[in-house]
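Raw data_8.cif, mmCIF, C-alpha atoms:
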```
data_run
#
loop_
_atom_site.label_atom_id
_atom_site.label_comp_id
_atom_site.auth_asym_id
_atom_site.auth_seq_id
_atom_site.Cartn_x
_atom_site.Cartn_y
_atom_site.Cartn_z
CA MET A 1 63.84 -31.01 -9.68
CA GLY A 2 65.57 -31.02 -6.30
CA VAL A 3 64.10 -27.59 -5.54
CA VAL A 4 60.63 -28.73 -6.56
CA ALA A 5 60.85 -31.80 -4.33
CA GLU A 6 62.01 -29.63 -1.43
CA VAL A 7 59.05 -27.29 -1.91
CA GLU A 8 56.57 -30.15 -2.05
CA ARG A 9 58.00 -31.65 1.15
CA LYS A 10 57.68 -28.34 2.98
CA LEU A 11 54.11 -27.88 1.81
CA ALA A 12 53.23 -31.41 2.88
CA ARG A 13 54.63 -30.79 6.37
CA HIS A 14 52.61 -27.57 6.72
CA ARG A 15 49.43 -29.30 5.56
CA CYS A 16 49.92 -32.03 8.16
CA ARG A 17 50.26 -29.41 10.90
CA GLN A 18 47.10 -27.65 9.71
CA GLU A 19 45.13 -30.91 9.80
CA THR A 20 45.92 -31.66 13.43
CA ASP A 21 43.47 -29.00 14.71
CA GLY A 22 40.45 -31.09 13.69
CA GLU A 23 38.83 -28.31 11.65
CA PRO A 24 37.40 -29.22 8.21
CA GLU A 25 39.61 -27.74 5.50
CA LEU A 26 39.31 -27.05 1.79
CA ARG A 27 42.52 -27.68 -0.11
CA THR A 28 41.33 -25.80 -3.13
CA SER A 29 43.08 -23.51 -5.58
CA THR A 30 41.53 -21.53 -8.40
CA MET A 31 44.81 -20.60 -10.06
CA THR A 32 48.57 -20.38 -9.80
CA HIS A 33 49.58 -16.83 -8.90
CA VAL A 34 53.15 -16.08 -9.96
CA VAL A 35 54.67 -12.85 -8.61
CA TRP A 36 57.93 -11.49 -10.04
CA ALA A 37 59.14 -9.36 -7.12
CA PRO A 38 62.68 -7.97 -6.93
CA PRO A 39 63.72 -7.46 -3.28
CA LYS A 40 62.59 -3.81 -3.09
CA TRP A 41 59.11 -4.82 -4.28
CA LEU A 42 58.73 -7.97 -2.17
CA PRO A 43 57.26 -6.36 1.01
CA ARG A 44 54.59 -4.56 -1.03
CA ALA A 45 53.79 -7.70 -2.97
CA LYS A 46 53.30 -9.63 0.27
CA ARG A 47 50.99 -6.94 1.66
CA VAL A 48 48.83 -7.18 -1.45
CA LEU A 49 48.72 -10.98 -1.11
CA ALA A 50 47.65 -10.67 2.54
CA GLY A 51 44.85 -8.32 1.46
CA LEU A 52 43.50 -10.90 -0.98
CA ALA A 53 42.81 -13.25 1.97
CA GLU A 54 40.34 -15.97 0.94
CA ARG A 55 39.08 -14.18 -2.19
CA HIS A 56 41.35 -16.12 -4.54
CA PRO A 57 42.59 -19.42 -3.07
CA ALA A 58 45.76 -20.09 -5.00
CA ARG A 59 49.23 -21.44 -5.07
CA THR A 60 51.30 -18.25 -5.00
CA ILE A 61 54.89 -18.39 -6.22
CA PHE A 62 57.09 -15.41 -5.39
CA LEU A 63 60.04 -15.20 -7.77
CA VAL A 64 62.69 -12.99 -6.16
CA PRO A 65 65.72 -12.25 -8.40
CA VAL A 66 68.73 -11.44 -6.22
CA PRO A 67 72.23 -10.23 -7.16
CA GLY A 68 74.88 -12.84 -7.79
CA ARG A 69 76.57 -14.49 -10.74
CA ARG A 70 76.44 -18.01 -9.34
CA SER A 71 73.27 -19.82 -10.32
CA GLY A 72 71.20 -20.83 -7.33
CA VAL A 73 67.68 -21.22 -5.94
CA GLU A 74 66.70 -20.87 -2.29
CA ALA A 75 63.20 -22.10 -1.57
CA ASP A 76 60.70 -21.66 1.23
CA ALA A 77 57.06 -22.67 1.40
CA VAL A 78 54.19 -22.14 3.84
CA VAL A 79 50.46 -22.78 3.97
CA HIS A 80 48.02 -20.06 5.04
CA ASP A 81 44.52 -20.89 6.22
CA PHE A 82 41.52 -18.56 6.01
CA ALA A 83 38.17 -19.09 7.73
CA THR A 84 35.06 -19.25 5.55
CA GLY A 85 31.53 -18.25 6.47
CA ASP A 86 30.42 -21.87 6.91
CA GLY A 87 33.02 -22.67 9.56
CA ARG A 88 35.52 -24.35 7.28
CA GLU A 89 39.03 -23.25 6.34
CA VAL A 90 40.55 -22.59 2.94
CA LEU A 91 44.24 -23.38 2.53
CA SER A 92 46.45 -21.29 0.24
CA GLU A 93 50.03 -22.22 -0.51
CA VAL A 94 52.79 -19.61 -0.68
CA ILE A 95 56.16 -20.48 -2.20
CA GLU A 96 59.12 -18.11 -2.21
CA LEU A 97 62.02 -18.76 -4.58
CA ARG A 98 65.10 -16.56 -4.40
CA LEU A 99 66.87 -16.83 -7.76
CA SER A 100 70.41 -15.81 -8.65
CA GLY A 101 72.60 -16.08 -11.72
CA GLU A 102 71.27 -18.26 -14.53
CA ALA A 103 68.29 -19.28 -12.39
CA ALA A 104 67.12 -15.65 -12.33
CA ARG A 105 67.50 -15.36 -16.09
CA HIS A 106 65.72 -18.67 -16.77
CA PRO A 107 62.93 -19.03 -14.18
CA ALA A 108 60.66 -21.25 -16.28
CA SER A 109 62.56 -24.43 -15.42
CA VAL A 110 61.61 -24.09 -11.75
CA VAL A 111 58.20 -22.46 -12.25
CA LEU A 112 56.74 -24.97 -14.71
CA PRO A 113 56.78 -28.01 -12.37
CA LEU A 114 55.09 -25.93 -9.64
CA LEU A 115 52.17 -24.71 -11.76
CA ILE A 116 48.89 -26.41 -10.84
CA ALA A 117 47.76 -28.47 -13.82
CA ASP A 118 44.57 -27.45 -15.68
CA LEU A 119 44.25 -24.14 -13.82
CA PRO A 120 45.09 -20.67 -15.17
CA ALA A 121 48.42 -19.10 -14.26
CA TYR A 122 48.57 -15.35 -13.59
CA CYS A 123 51.77 -13.35 -13.30
CA ARG A 124 51.90 -10.07 -11.38
CA TRP A 125 55.13 -8.41 -12.49
CA ARG A 126 56.31 -5.79 -10.01
CA GLY A 127 58.30 -2.87 -11.38
CA ARG A 128 59.26 -2.26 -14.99
CA PRO A 129 60.12 -5.42 -16.96
CA ASP A 130 63.41 -5.86 -18.77
CA TRP A 131 61.77 -5.99 -22.19
CA LYS A 132 64.72 -7.78 -23.77
CA GLY A 133 65.35 -10.10 -20.83
CA ARG A 134 65.01 -13.85 -21.06
CA ALA A 135 63.16 -14.02 -17.74
CA LEU A 136 60.26 -11.95 -19.09
CA ASP A 137 60.15 -14.00 -22.26
CA GLU A 138 59.90 -17.26 -20.32
CA ILE A 139 57.28 -16.01 -17.85
CA VAL A 140 55.08 -14.77 -20.69
CA ASP A 141 55.31 -18.20 -22.31
CA VAL A 142 54.21 -20.13 -19.20
CA CYS A 143 51.47 -17.80 -17.85
CA ASP A 144 47.99 -17.12 -19.19
CA ARG A 145 47.73 -13.55 -17.93
CA PHE A 146 50.35 -10.85 -17.34
CA VAL A 147 49.42 -8.13 -14.84
CA VAL A 148 51.48 -4.94 -14.47
CA ASP A 149 51.13 -1.47 -13.00
CA SER A 150 52.73 0.96 -15.43
CA ASN A 151 52.69 3.61 -12.72
CA GLU A 152 55.60 1.63 -11.22
CA TRP A 153 57.69 2.35 -14.32
CA GLN A 154 60.08 5.02 -15.44
CA GLY A 155 59.99 5.97 -19.10
CA VAL A 156 56.30 6.03 -19.95
CA PRO A 157 54.85 6.51 -22.49
CA GLY A 158 57.84 5.00 -24.31
CA ALA A 159 57.53 1.75 -22.34
CA TYR A 160 54.06 1.13 -23.77
CA GLU A 161 55.50 0.22 -27.16
CA PRO A 162 57.27 -2.98 -25.98
CA LEU A 163 54.28 -3.76 -23.76
CA ALA A 164 52.00 -3.69 -26.81
CA ARG A 165 54.21 -6.29 -28.49
CA LEU A 166 53.12 -8.79 -25.84
CA PHE A 167 49.40 -8.52 -26.62
CA ASP A 168 49.36 -11.38 -29.14
CA ARG A 169 51.35 -13.65 -26.80
CA VAL A 170 49.58 -13.27 -23.44
CA VAL A 171 46.56 -11.49 -21.97
CA VAL A 172 47.90 -8.23 -20.51
CA SER A 173 46.26 -5.95 -17.99
CA ASP A 174 47.42 -2.86 -16.14
CA LEU A 175 46.34 -1.69 -12.69
CA ALA A 176 46.82 1.90 -13.87
CA TRP A 177 44.05 1.18 -16.39
CA ARG A 178 41.85 -0.44 -13.76
CA ARG A 179 42.14 2.60 -11.48
CA GLY A 180 40.79 4.81 -14.25
CA LEU A 181 37.59 2.80 -14.80
CA PRO A 182 35.26 5.07 -12.73
CA TRP A 183 36.56 8.16 -14.55
CA ARG A 184 36.17 6.54 -17.97
CA SER A 185 32.58 5.73 -17.07
CA ALA A 186 32.00 9.36 -16.06
CA LEU A 187 33.46 10.59 -19.33
CA ALA A 188 31.47 8.07 -21.38
CA GLU A 189 28.27 9.46 -19.86
CA ARG A 190 29.04 12.73 -21.65
CA TRP A 191 28.46 11.13 -25.04
CA PRO A 192 27.72 12.46 -27.61
CA GLY A 193 29.01 15.86 -26.50
CA ILE A 194 32.45 14.52 -25.64
CA ARG A 195 33.12 13.52 -29.25
CA THR A 196 34.18 17.12 -29.96
CA VAL A 197 36.67 17.38 -27.07
CA GLU A 198 40.02 18.92 -27.99
CA ARG A 199 41.95 18.79 -24.72
CA VAL A 200 41.82 17.01 -21.38
CA SER A 201 43.42 18.16 -18.13
CA ILE A 202 44.09 15.52 -15.48
CA GLU A 203 45.30 15.67 -11.92
CA GLY A 204 46.74 12.27 -11.09
CA PRO A 205 49.60 9.78 -11.59
CA ARG A 206 51.42 9.90 -14.90
CA ALA A 207 50.52 6.44 -16.21
CA ASP A 208 46.88 6.70 -15.14
CA ALA A 209 46.57 10.04 -16.95
CA LEU A 210 48.36 8.85 -20.09
CA LEU A 211 46.14 5.78 -20.44
CA LEU A 212 42.98 7.79 -19.91
CA ALA A 213 44.01 10.26 -22.61
CA GLY A 214 45.03 7.35 -24.84
CA TRP A 215 41.57 5.84 -24.34
CA LEU A 216 39.94 9.09 -25.52
CA ARG A 217 42.18 9.24 -28.59
CA SER A 218 41.56 5.60 -29.50
CA ARG A 219 37.77 5.91 -29.09
CA LEU A 220 37.50 9.24 -30.93
CA ARG A 221 40.15 8.24 -33.47
CA ARG A 222 41.80 11.62 -33.46
CA PRO A 223 44.28 13.66 -31.39
CA VAL A 224 43.31 14.90 -27.93
CA SER A 225 45.87 17.03 -26.08
CA LEU A 226 46.76 16.23 -22.47
CA THR A 227 47.96 18.44 -19.66
CA ARG A 228 48.65 16.87 -16.27
CA ARG A 229 49.22 17.92 -12.71
CA ASP A 230 50.86 15.30 -10.52
CA ALA A 231 48.89 13.66 -7.70
CA GLY A 232 48.92 10.33 -5.89
CA ALA A 233 45.56 9.32 -7.37
CA LEU A 234 43.18 10.49 -10.06
CA ALA A 235 41.57 13.48 -8.38
CA ARG A 236 40.32 15.90 -11.04
CA ILE A 237 39.58 15.86 -14.77
CA GLU A 238 38.51 18.67 -17.07
CA VAL A 239 37.53 18.37 -20.72
CA ASP A 240 37.96 21.60 -22.64
CA GLY A 241 38.01 23.38 -19.28
CA ASP A 242 34.76 21.81 -18.05
CA PRO A 243 35.22 19.83 -14.78
CA VAL A 244 34.01 16.23 -14.69
CA ALA A 245 32.09 15.29 -11.55
CA PRO A 246 34.24 12.90 -9.44
CA PRO A 247 32.94 9.32 -9.44
CA ALA A 248 31.09 8.39 -6.26
CA ARG A 249 33.13 5.24 -5.65
CA PRO A 250 35.48 4.37 -2.78
CA ALA A 251 39.20 4.20 -3.49
CA LEU A 252 40.42 0.65 -4.12
CA THR A 253 43.42 -0.92 -2.42
CA GLY A 254 46.17 -2.73 -4.29
CA SER A 255 44.55 -6.00 -3.23
CA ASP A 256 41.15 -4.88 -4.58
CA LEU A 257 42.67 -3.89 -7.92
CA LEU A 258 44.55 -7.16 -8.32
CA SER A 259 41.52 -9.17 -7.23
CA ALA A 260 39.49 -7.62 -10.04
CA GLU A 261 42.13 -8.65 -12.58
CA LEU A 262 42.25 -12.21 -11.23
CA ASP A 263 38.56 -12.66 -12.05
CA THR A 264 38.97 -12.76 -15.82
CA LEU A 265 41.12 -14.25 -18.56
CA ALA A 266 39.65 -12.36 -21.53
CA ARG A 267 41.63 -9.87 -23.59
CA ASP A 268 40.62 -6.24 -23.20
CA ARG A 269 40.77 -4.85 -26.73
CA VAL A 270 39.78 -1.36 -25.55
CA TYR A 271 42.75 -1.30 -23.17
CA GLU A 272 45.07 -2.55 -25.91
CA ALA A 273 43.88 0.22 -28.25
CA ALA A 274 44.47 2.79 -25.48
CA VAL A 275 48.02 1.52 -24.96
CA ARG A 276 48.80 1.72 -28.66
CA ALA A 277 47.35 5.24 -28.87
CA THR A 278 49.44 6.26 -25.86
CA ALA A 279 52.61 4.77 -27.33
CA ALA A 280 51.96 6.61 -30.60
#
```
Would you put the structure from the file into structure tokens?
Amino acid sequence: MGVVAEVERKLARHRCRQETDGEPELRTSTMTHVVWAPPKWLPRAKRVLAGLAERHPARTIFLVPVPGRRSGVEADAVVHDFATGDGREVLSEVIELRLSGEAARHPASVVLPLLIADLPAYCRWRGRPDWKGRALDEIVDVCDRFVVDSNEWQGVPGAYEPLARLFDRVVVSDLAWRRGLPWRSALAERWPGIRTVERVSIEGPRADALLLAGWLRSRLRRPVSLTRRDAGALARIEVDGDPVAPPARPALTGSDLLSAELDTLARDRVYEAAVRATAA
């Protein structure tokens, strides 16, 4: 509780400084946004948070596991303000907790007191989870939604099997799945002809391609072969050698993708079926 008290004191000091400018402010949060970010992922996670701006006022808690056997927690906290269209300011709180030793293996004890009561808690887990780790188990238990990007992982499609085991414990979503939405829409427009497809060729990231092929298999309820050429983004798809017209939609940033996931709490059964088909 000493860490929690320290965080609350720092936030209170920052709020007092913000209030001295005389501008009307909204101290509002729509959620608690927990981010599991090992040191190599932390800069990218902070860039995504900056891109969210005022779209999702939240208390953001960065959990940064650092090497070290001795249990310890180093805490920092700041308040960011964003201007709104009506001349007011929205305040968002950002807490950074660097965890080592037992604290990194058991983060729930420090996270739970910092969650905002009666509001949903989202976790964005950067990198591949340790599926047997206690930290993952505790975060899943305290958060309402678990957001990953399986394109950050090594070992797919094998990693989709332990991911699927989380579906009955927490609402799971994957930014690799979100990126494929325009292409799934384009393929769905080919119904009913696409029901006879035998093979799909995809130029794009591994996870994005695997999930798209898994979606086809789960919807058609039969095997569909996949060949893939690597690319930084989904760029080309062919079904039985016939090219699919690229979707006329702008590319989304990491902030845009995460923002879309923070707008819902509902389970996506179609995504879950695609993951299971991919794991199989």
With all atoms of region 135-145 of chain A from the file as input, state the centre and edge lengths in Å to one decimal of the axis-aligned box that has 5 Å extra on each side, as AutoDock Vina command-line options.
```
--center_x 55.4 --center_y -16.0 --center_z -20.0 --size_x 25.4 --size_y 18.2 --size_z 14.6
```
- prompt: From the list A:Val79, A:Ile202, A:Leu114, A:Ala248, which residue is nearest Thr227 (chain A) when using all atoms listed in the file?
  reply: A:Ile202
Explicit residues for the PyMOL selection byres ((chain A and resi 220) around 12) (as a tab-separated table (two decimals) with C-alpha atoms, in the frame of the given file):
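Now in part_15.tsv:
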```tsv
chain	number	residue	atom	x	y	z
A	188	ALA	CA	31.47	8.07	-21.38
A	191	TRP	CA	28.46	11.13	-25.04
A	192	PRO	CA	27.72	12.46	-27.61
A	193	GLY	CA	29.01	15.86	-26.50
A	194	ILE	CA	32.45	14.52	-25.64
A	195	ARG	CA	33.12	13.52	-29.25
A	196	THR	CA	34.18	17.12	-29.96
A	197	VAL	CA	36.67	17.38	-27.07
A	198	GLU	CA	40.02	18.92	-27.99
A	213	ALA	CA	44.01	10.26	-22.61
A	214	GLY	CA	45.03	7.35	-24.84
A	215	TRP	CA	41.57	5.84	-24.34
A	216	LEU	CA	39.94	9.09	-25.52
A	217	ARG	CA	42.18	9.24	-28.59
A	218	SER	CA	41.56	5.60	-29.50
A	219	ARG	CA	37.77	5.91	-29.09
A	221	ARG	CA	40.15	8.24	-33.47
A	222	ARG	CA	41.80	11.62	-33.46
A	223	PRO	CA	44.28	13.66	-31.39
A	224	VAL	CA	43.31	14.90	-27.93
A	273	ALA	CA	43.88	0.22	-28.25
A	274	ALA	CA	44.47	2.79	-25.48
A	277	ALA	CA	47.35	5.24	-28.87
```
message: Which residues are close to region 118-133 of chain A, i.e. within 6 Å by all atoms listed in the file, leaving aside same-chain residues fewer than 4 positions away? Reply as a list of chain:residue names.
response: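 Counting only the stated atoms, we get A:Met31, A:Thr32, A:His33, A:Val34, A:Val35, A:Trp36, A:Ala37, A:Cys143, A:Asp144, A:Arg145, A:Phe146, A:Val147, A:Val148, A:Glu152, A:Trp153.
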- request: Could you please determine the separation between CA of Asp208 (chain A) and CA of Ala266 (chain A) in Å, to one decimal place?
  value: 21.4 Å
query: Evaluating the PyMOL selection byres ((chain A and resi 2) around 12) on the displayed file yields which residues, as a ChimeraX atom specification?
result: /A:1,3-9,72-75,109-110,113
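Those residues returned by the PyMOL selection byres ((chain A and resi 231-236) around 6) for this file are Ile202, Glu203, Gly204, Pro205, Asp230 and Ile237 of chain A.
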Dump of C-alpha atoms for the selected residues, as a PDB file, keeping the file's coordinate frame:
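Below is the file that was written, selection-v2.pdb:
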```pdb
ATOM      1  CA  ILE A 202      44.090  15.520 -15.480  1.00  0.00           C
ATOM      2  CA  GLU A 203      45.300  15.670 -11.920  1.00  0.00           C
ATOM      3  CA  GLY A 204      46.740  12.270 -11.090  1.00  0.00           C
ATOM      4  CA  PRO A 205      49.600   9.780 -11.590  1.00  0.00           C
ATOM      5  CA  ASP A 230      50.860  15.300 -10.520  1.00  0.00           C
ATOM      6  CA  ILE A 237      39.580  15.860 -14.770  1.00  0.00           C
TER       7      ILE A 237
END
```
Among the residues A:Leu166, A:Leu11, A:Val142, A:Ala117, the one that comes closest to Ile95 (chain A) [using all atoms listed in the file]: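 Distance minimum relative to Ile95 (chain A) lands on A:Leu11.
Put simply, CA of Glu161 (chain A) is 15.4 Å away from CA of Leu136 (chain A).
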message: Between A:Ser225, A:Thr60, A:Thr264, A:Thr253, which residue has the minimum interatomic distance to Val48 (chain A), considering all atoms listed in the file?
response: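 That would be A:Thr253, the residue with the smallest distance to Val48 (chain A).
Coordinates place CA of Glu96 (chain A) at a distance of 4.6 Å from CA of Phe62 (chain A).
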task: Counting all atoms listed in the file, figure out which residue out of A:Arg276, A:His80, A:Lys40, A:Lys10 gets nearest to Phe167 (chain A).
output: A:Arg276
Top pick for closest residue to Arg199 (chain A), considering A:Val239, A:Leu262, A:Ile116, A:Leu211 and counting all atoms listed in the file: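 So, comparing all the options, the nearest one is A:Val239.
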For Ala251 (chain A), work out the shell of residues within 12 Å, counting all atoms listed in the file and skipping chain neighbours fewer than 4 positions away, then give it as an mmCIF file with C-alpha atoms, keeping the file's coordinate frame.
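The new file out_11.cif reads:
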```cif
data_model
loop_
_atom_site.group_PDB
_atom_site.id
_atom_site.type_symbol
_atom_site.label_atom_id
_atom_site.label_comp_id
_atom_site.auth_asym_id
_atom_site.auth_seq_id
_atom_site.Cartn_x
_atom_site.Cartn_y
_atom_site.Cartn_z
ATOM 1 C CA ARG A 178 41.850 -0.440 -13.760
ATOM 2 C CA ARG A 179 42.140 2.600 -11.480
ATOM 3 C CA GLY A 180 40.790 4.810 -14.250
ATOM 4 C CA LEU A 181 37.590 2.800 -14.800
ATOM 5 C CA PRO A 182 35.260 5.070 -12.730
ATOM 6 C CA GLY A 232 48.920 10.330 -5.890
ATOM 7 C CA ALA A 233 45.560 9.320 -7.370
ATOM 8 C CA LEU A 234 43.180 10.490 -10.060
ATOM 9 C CA ALA A 235 41.570 13.480 -8.380
ATOM 10 C CA PRO A 246 34.240 12.900 -9.440
ATOM 11 C CA PRO A 247 32.940 9.320 -9.440
ATOM 12 C CA SER A 255 44.550 -6.000 -3.230
ATOM 13 C CA ASP A 256 41.150 -4.880 -4.580
ATOM 14 C CA LEU A 257 42.670 -3.890 -7.920
#
```
- prompt: How would you write as a ChimeraX atom specification the residues that get within 12 Å of (59.9, 3.4, -23.1) in the file's frame, counting all atoms listed in the file?
  reply: /A:128-131,150,153-164,278-280
message: Nearest residue to Trp177 (chain A) out of A:Val275, A:Leu97, A:Ala108, A:Val200, using all atoms listed in the file?
response: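 The shortest atom-to-atom distance to Trp177 (chain A) comes from A:Val275.
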task: Just the residues within 10 Å of Ala53 (chain A), please, counting only C-alpha atoms, with nothing from its chain fewer than 3 positions along; format it as a count of residues only.
output: 12
